[in-house]
Amino acid sequence: MKALKIIGWTLFGIVMTVIVVALTAIYLVFTPERLTPIARQVADKYVACDHEIGEVDLTFFSTFPYFGVSVKDVYLINPMKGAQSDTLLAVPELIASVKLLDAIDGNVYVKRFVLKDAEANVYIASDGQTNFDVFVTDTTEKEETDTVGVWQLRSVGWDEALTVEARTLTFEDEKDTISASLYDTHITLTALEKDHMEGAQLDLLANGVSVALKGDKYADNLRLQLRLPALLAEGTERVIVDGTRLQINEFALSMDGEVGTPCFSSGEYNTNLTVQTGKWQIKPLLALVPAKFTSSLKDIDVDGEVTLSATARGTYSEKSMPLVTARVTLEDGEGSYKPLPYTLRDLTLDADAALDLNKKQPSTVTINKLSAKTKDSKVGATGKVNDLLGDMLLDLQLKLDAHLPDFAYFLPDSMTVTGDAKGTAAAKIRLSDLTNKRLHKGVISADLNLTDIRYEQDSMKAVLPKTKAKIYIPNTKPSRKSVNWARVELETDKIDFAMGDNTYAMIDAAVIRAEAANVLADQQDYFAALSFDALDAQYEDITADLKTSELE
């Protein structure tokens, strides 16, 4: 055993000695003084713009198990009118890990490639000219006159990862009016292989992102984190993006699916994508959305925690948008709509949306569950909202626990009603008609239990301690020809009724029907004209005690 140990240590010592001697030889042969001129000669051959290259050296320990080439102070200078800077690229240090023997023969097979503290300014002029078209691809004439013995680049390959650590990256495209900048950025592009498909994965972290398109600002100093794996399906131009993760500031989402195109340069893409978000706080989220996309929400003030699950299927191009379906849930919400004097609180929502951004068919929202409080009232709702991107058509079934003074906004100024109402209602009405109190434009019905109702309008007064009420707008059984009549049916134990200063009536155990029509002088005053029917004869056991006297 002792002999084996001695032999083992001897062999190990021999191997280490050989390695040290080999490394020493390499460093003696490939010194910065020898490598730097070679790198500059290569740059002179393949780079057409003004450029600078600092010291070139080999690395081993920092790029183990491969040899690396470290290049200091790389600059590409290409002045162009309109560009944001004369400097196309500035890299304090560039490191490439390669297979050394292959690289000596001119076959550069890059394992890792790193740009440290880089700055880049990419520019496209309005006529399509660019400041980054600076690399020579045809070097035939130069190769014929090259001095024998100068290193020649024969092939380039890439295997593992390309990493860019950047202070500033800017992009200006005057042709398509795009402006973008990234600050304090880390980018890694990694080779990817899965299920016989090949592609790459992009990991990006930027602590400051700003983007403008056609003069509209889409991002302003946002923090962006992205993981985008892209696999190209063999024999097709379908890109699989399963496992995509995106986070903008505190808002994170995941995406799976694929994007296909007849040609990557066509600008037309068939999408089949699914997106899932975490819980997003609405107000800071809306603050990130460009104003052009929130103009329709200018009268809406809403907050709460929203969760979104969405799909996008169809063609995306300059002329077409995919169809979007979404499941939206909202918790701890609150909101208001400026034309209405109400603030909703304790708002919860579970809804499904179908959006046609091409506006070829109406966009809709199906409300599976909605509950909210406003003032001293509670409301629950299910139903649909149609024509979401236009004048919304509300088609709702409501469950009400209402304090009636809370809804005085919808009553004529001459009317006062107090008391409480519980029950159900249904409404089908345009949002514009609702906000402008054109209730006759919709179809509304209600079945309510009323408590402690006190009604006053002009010289008319009524008190109903406990009443069942049914309301129909418009009147489905009008007693005379009129297009804008409502009908109210009251089943009450008792009514105290007064009109003017002289008439007082007390009605016990009665069913009363009242019809109400708008007065031509004021199309919004629905209850200005009332007509009462006699007691309902179907109630044989009711007793009517009708008294008339002067009010004291």
# chains A, B, ... in the order shown; residues from 1 in each chain; ligands from 1
$ residues_around --residues "A:Leu202" --least-positions-apart "2" --cutoff "6 Å" --atoms "only C-alpha atoms" --output "mmCIF file with C-alpha atoms, in the first residue's frame"
data_model
loop_
_atom_site.group_PDB
_atom_site.id
_atom_site.type_symbol
_atom_site.label_atom_id
_atom_site.label_comp_id
_atom_site.auth_asym_id
_atom_site.auth_seq_id
_atom_site.Cartn_x
_atom_site.Cartn_y
_atom_site.Cartn_z
ATOM 1 C CA THR A 188 -27.010 36.096 -21.183
ATOM 2 C CA LEU A 189 -27.735 34.098 -24.337
ATOM 3 C CA ARG A 227 -36.287 34.708 -19.221
ATOM 4 C CA LEU A 228 -37.197 33.744 -22.789
#
$ select_by_dssp --residues "stretch 339-431 of chain A" --states "helix (DSSP H, G or I)" --output "VMD selection string"
chain A and resid 404 to 410 431
$ write_last_selection --atoms "N, CA, C and O atoms" --output "JSON list (two decimals), in the first residue's frame"
[["chain", "number", "residue", "atom", "x", "y", "z"],
["A", 404, "LEU", "N", -82.38, 53.30, 0.43],
["A", 404, "LEU", "CA", -82.88, 54.02, -0.73],
["A", 404, "LEU", "C", -82.33, 55.43, -0.90],
["A", 404, "LEU", "O", -82.12, 55.87, -2.03],
["A", 405, "PRO", "N", -82.09, 56.21, 0.15],
["A", 405, "PRO", "CA", -81.51, 57.54, -0.07],
["A", 405, "PRO", "C", -80.16, 57.50, -0.80],
["A", 405, "PRO", "O", -79.77, 58.50, -1.42],
["A", 406, "ASP", "N", -79.47, 56.35, -0.75],
["A", 406, "ASP", "CA", -78.20, 56.23, -1.46],
["A", 406, "ASP", "C", -78.38, 56.38, -2.97],
["A", 406, "ASP", "O", -77.43, 56.72, -3.68],
["A", 407, "PHE", "N", -79.60, 56.11, -3.48],
["A", 407, "PHE", "CA", -79.83, 56.10, -4.91],
["A", 407, "PHE", "C", -80.72, 57.26, -5.36],
["A", 407, "PHE", "O", -81.37, 57.20, -6.41],
["A", 408, "ALA", "N", -80.70, 58.32, -4.58],
["A", 408, "ALA", "CA", -81.50, 59.50, -4.92],
["A", 408, "ALA", "C", -81.06, 60.12, -6.24],
["A", 408, "ALA", "O", -81.84, 60.81, -6.89],
["A", 409, "TYR", "N", -79.82, 59.85, -6.66],
["A", 409, "TYR", "CA", -79.31, 60.41, -7.91],
["A", 409, "TYR", "C", -80.21, 60.06, -9.09],
["A", 409, "TYR", "O", -80.38, 60.85, -10.02],
["A", 410, "PHE", "N", -80.79, 58.85, -9.09],
["A", 410, "PHE", "CA", -81.59, 58.39, -10.22],
["A", 410, "PHE", "C", -83.05, 58.85, -10.14],
["A", 410, "PHE", "O", -83.83, 58.53, -11.04],
["A", 431, "LEU", "N", -74.64, 52.02, -20.84],
["A", 431, "LEU", "CA", -74.01, 52.79, -19.77],
["A", 431, "LEU", "C", -74.30, 54.28, -19.94],
["A", 431, "LEU", "O", -74.54, 54.99, -18.96]]
$ residues_around --residues "A:Val91" --least-positions-apart "6" --cutoff "7 Å" --atoms "only C-alpha atoms" --output "list in words"
Asp73, Val74, Tyr75, Leu115, Lys116, Asp117, Ala118 and Glu119 of chain A
$ closest_residue --among "A:Asp203, A:Ile240, A:Pro339, A:Lys217" --to "A:Asn436" --atoms "only C-alpha atoms"
A:Pro339
$ atom_distance --atom1 "atom CA of A:Thr366" --atom2 "atom CA of A:Lys428"
13.9 Å
